[in-house]
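Q: Quick one: the structure is below, and I'll ask about it shortly.
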Amino acid sequence: MKMSGLDRILLLLTIVLAGYQIAIGVDEMTAIPILAYTIGFGVLVVSGLLMLILGFEALESPIVVIISTIIPLSLSAGLVWEFLAAYRSAYLGFCILGFLAVLLTRISPAKHPAPLAVLATVHGSAGMVIFGLPLFLAATGSVHPGFMLVGVGGALIGFGGLLLLFVRAGSTRMPIGRVYALLPGLLLAMVFAFVAGFALA
Amino acid sequence: MKKTWAFVNAKIRLYWPLIKSLQTGLLLSTGLAGYLSARAPARITDLAGLAASLFLAISGSTILNMWYDRDIDARMKRTHRRPAASGELGEAEVLRLGLVISILGVGGAVAIAPLYGLVVFAGLFFDVAVYTLWLKRRTCWSIVWGGVSGGMPILAGRVLATGRIDLVGALLTLAILFWIPTHTLTFSIKFDGDYRAAGIPTFPSTYGLGVTRALIAGSTVLAALSIGWSGFLIGVQAGMLRLIAVLASGLLLICFASVTRPSERANFALFRYASFYMLATMILLAMGRMI
């Protein structure tokens, strides 16, 4: 499917916003969250650029599943490191092992249900952290209520992941054209929610 | 009056493709970044003089290239419609135009500052005399001199701001020198047939695709390291350095993919990404001291 001019503008804005977050938005934080958010938003910048260059076909590569796992894992690792000090090491371990598990089950030639189960567990857990933790923190008054937007970003990232899953599964309920039409706007909304949420925190 | 305007308009339309506006724009952006990397806030008169003289000098050397290479351009599918190759513009007219614009560019640069003018002249000399006239039709290694010439605008910008050739200027020049193979070698892979038809020696035709891809990978790594190091020495803000590192990681990953899983798509992605990478890092280096 050919990328429209509007899609290109939306993607470019997504890249600029994610780039802004890397360059300016995380300056006040400590080393690990800076690294985690840089990786998460960095993947968004690079994959956005590749989509601009190669079109939506870039999403059809099998490596997309592996690369897209990095975004929720790194963002959730940054959040846990910042706000749940007691779980830092355990969660970081989970992220590293989770990523390795996704990587190994995806590159293994054997055909078994493990890849999907691993992906669902790792993505699901990281997604719940990004969605739930900011909402909880904002609701309990630990942070500015605007930080809830990070949770909204988490929900959007989950929705985006679901859409891509429809594409890979060849679903007839959600044709590929419709998913691609939604994706640039969804990515921009997601990054905007993250950037605004972090700025307000 | 209307007639004169129509004449000028028609000439500009014919002359514009002679300067390869995208390439000239990219090189001009490196010159501005070189200047801004040392002097922020910028002097507007310096910036205007730099932009005008560099634009003229780069355009002039490109026009002279087009004039000299019109015979090989005519043999290549990609370039046979260029005004000098197709005969739309007479060879004497193209040569005159190239010389006048080059002299205006270099002359203007010397008038602004002699050392700056010397660097601008060196860029033009390496590009026209060494790369185009001497080596391009003889050896594929000519691109090294094309790279040296491509590195002159950024050095010129830096020299205009600092008044001397310093380590950062040398590193920035190296960054462009190493970046140019990523750009030109991916191009020569894509248009291999064209270059063979025109009898131009290229790395793919001389050493094969494997060696060419390995060279692209090596030079990309060196370009990324040079840009990162110069950014650090310039004192670019940490966030901007992080973003430069992210963009470099993307470039290296695509490069790795094009070596391990070569395809036309990977080659195309690397070519386009490399251009974006250069433009983006130039903007970041320029902004890095302002923020």
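Chain lettering (A, B, ...) mirrors the order of the structure tokens, residue numbering begins at 1 for each chain separately, and ligand numbering begins at 1 in order of display.
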Please, which residues of stretch 116-213 of chain B, numbered as in this document, come out helix (DSSP H, G or I) from DSSP, as a PyMOL selection string?

A: chain B and resi 116-135+142-162+167-190+192-198+203-207+209-213

Q: Check every residue of chain B for an atom within 6 Å of chain A, counting only C-alpha atoms, and provide those that qualify as an MDAnalysis selection string.

A: chainID B and resid 239:240 243 246 250

Q: Taking a cut-off of 10 Å and counting only C-alpha atoms, can you build a table that, for each residue of stretch 106-135 of chain A near stretch 61-70 of chain A, reports the nearest atom pair and how far apart they are in Å (one decimal), sorted by chain then residue number, as a Markdown table?

A:
```
| residue | atom | partner | partner_atom | distance |
| --- | --- | --- | --- | --- |
| A:Arg106 | CA | A:Ile66 | CA | 7.5 |
| A:Ile107 | CA | A:Ile63 | CA | 9.1 |
| A:Leu119 | CA | A:Thr69 | CA | 8.1 |
| A:Val122 | CA | A:Thr69 | CA | 8.0 |
| A:His123 | CA | A:Thr69 | CA | 6.5 |
| A:Ala126 | CA | A:Thr69 | CA | 9.1 |
```

Q: So that I have them on file, write out the residues from the current selection with C-alpha atoms, as a short mmCIF file (atom, residue, chain, number, x, y, z; two decimals), in the first residue's frame.

A:
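To be explicit, this is the file written out as result.cif:
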```
data_model
loop_
_atom_site.label_atom_id
_atom_site.label_comp_id
_atom_site.auth_asym_id
_atom_site.auth_seq_id
_atom_site.Cartn_x
_atom_site.Cartn_y
_atom_site.Cartn_z
CA ARG A 106 11.65 -15.91 16.83
CA ILE A 107 14.90 -16.97 15.18
CA LEU A 119 5.67 -12.65 22.96
CA VAL A 122 6.67 -10.21 27.54
CA HIS A 123 4.67 -7.63 25.57
CA ALA A 126 5.57 -4.51 29.75
#
```

Q: Which is closer to B:Arg82 than all the others in B:Leu133, B:Ala38, B:Arg13, B:Tyr116, using only C-alpha atoms?

A: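 Among the listed residues, the smallest separation from B:Arg82 belongs to B:Arg13.
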
Q: Quick one: everything within 12 Å of A:Thr121, counting only C-alpha atoms, minus sequence neighbours fewer than 3 positions away in the same chain. Send it as a list of chain:residue names.

A: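 Neighbouring residues, sequence-local ones excluded: A:Thr69, A:Leu73, A:Phe94, A:Cys95, A:Leu97, A:Gly98, A:Phe99, A:Ala101, A:Val102, A:Ala114, A:Pro115, A:Leu116, A:Ala117, A:Val118, A:Gly124, A:Ser125, A:Ala126, A:Gly127, A:Met128.
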
Q: Could the residues in this selection be saved with N, CA and C atoms as an mmCIF file, in the first residue's frame?

A:
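As a result, out-v4.cif now contains:
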```
data_model
loop_
_atom_site.group_PDB
_atom_site.id
_atom_site.type_symbol
_atom_site.label_atom_id
_atom_site.label_comp_id
_atom_site.auth_asym_id
_atom_site.auth_seq_id
_atom_site.Cartn_x
_atom_site.Cartn_y
_atom_site.Cartn_z
ATOM 1 N N THR A 69 9.450 -5.212 20.160
ATOM 2 C CA THR A 69 9.432 -5.628 21.575
ATOM 3 C C THR A 69 10.295 -4.678 22.419
ATOM 4 N N LEU A 73 9.467 -2.741 26.334
ATOM 5 C CA LEU A 73 10.387 -3.212 27.378
ATOM 6 C C LEU A 73 11.244 -2.070 27.923
ATOM 7 N N PHE A 94 13.967 -9.132 34.183
ATOM 8 C CA PHE A 94 12.838 -9.621 33.389
ATOM 9 C C PHE A 94 12.917 -9.082 31.948
ATOM 10 N N CYS A 95 13.248 -7.790 31.820
ATOM 11 C CA CYS A 95 13.315 -7.166 30.490
ATOM 12 C C CYS A 95 14.402 -7.823 29.630
ATOM 13 N N LEU A 97 15.856 -10.842 30.046
ATOM 14 C CA LEU A 97 15.505 -12.232 29.747
ATOM 15 C C LEU A 97 14.335 -12.301 28.767
ATOM 16 N N GLY A 98 13.365 -11.417 28.970
ATOM 17 C CA GLY A 98 12.188 -11.386 28.087
ATOM 18 C C GLY A 98 12.593 -11.113 26.655
ATOM 19 N N PHE A 99 13.490 -10.131 26.486
ATOM 20 C CA PHE A 99 13.919 -9.801 25.123
ATOM 21 C C PHE A 99 14.678 -10.976 24.498
ATOM 22 N N ALA A 101 14.327 -14.076 25.235
ATOM 23 C CA ALA A 101 13.370 -15.160 24.949
ATOM 24 C C ALA A 101 12.640 -14.888 23.628
ATOM 25 N N VAL A 102 12.213 -13.637 23.437
ATOM 26 C CA VAL A 102 11.534 -13.291 22.171
ATOM 27 C C VAL A 102 12.482 -13.523 21.003
ATOM 28 N N ALA A 114 5.400 -21.771 21.299
ATOM 29 C CA ALA A 114 6.177 -20.982 22.257
ATOM 30 C C ALA A 114 6.387 -19.518 21.835
ATOM 31 N N PRO A 115 6.728 -19.214 20.568
ATOM 32 C CA PRO A 115 6.983 -17.816 20.212
ATOM 33 C C PRO A 115 5.831 -16.889 20.576
ATOM 34 N N LEU A 116 4.593 -17.323 20.274
ATOM 35 C CA LEU A 116 3.441 -16.461 20.547
ATOM 36 C C LEU A 116 3.233 -16.294 22.052
ATOM 37 N N ALA A 117 3.391 -17.403 22.791
ATOM 38 C CA ALA A 117 3.206 -17.351 24.247
ATOM 39 C C ALA A 117 4.248 -16.433 24.880
ATOM 40 N N VAL A 118 5.489 -16.560 24.441
ATOM 41 C CA VAL A 118 6.564 -15.713 24.987
ATOM 42 C C VAL A 118 6.295 -14.249 24.652
ATOM 43 N N GLY A 124 2.788 -8.243 26.953
ATOM 44 C CA GLY A 124 1.653 -7.974 27.841
ATOM 45 C C GLY A 124 2.114 -7.381 29.160
ATOM 46 N N SER A 125 3.148 -7.982 29.761
ATOM 47 C CA SER A 125 3.622 -7.497 31.064
ATOM 48 C C SER A 125 4.158 -6.066 30.943
ATOM 49 N N ALA A 126 4.996 -5.845 29.927
ATOM 50 C CA ALA A 126 5.574 -4.510 29.755
ATOM 51 C C ALA A 126 4.475 -3.489 29.464
ATOM 52 N N GLY A 127 3.512 -3.898 28.633
ATOM 53 C CA GLY A 127 2.397 -3.001 28.291
ATOM 54 C C GLY A 127 1.589 -2.626 29.521
ATOM 55 N N MET A 128 1.354 -3.622 30.381
ATOM 56 C CA MET A 128 0.572 -3.343 31.608
ATOM 57 C C MET A 128 1.309 -2.360 32.513
#
```
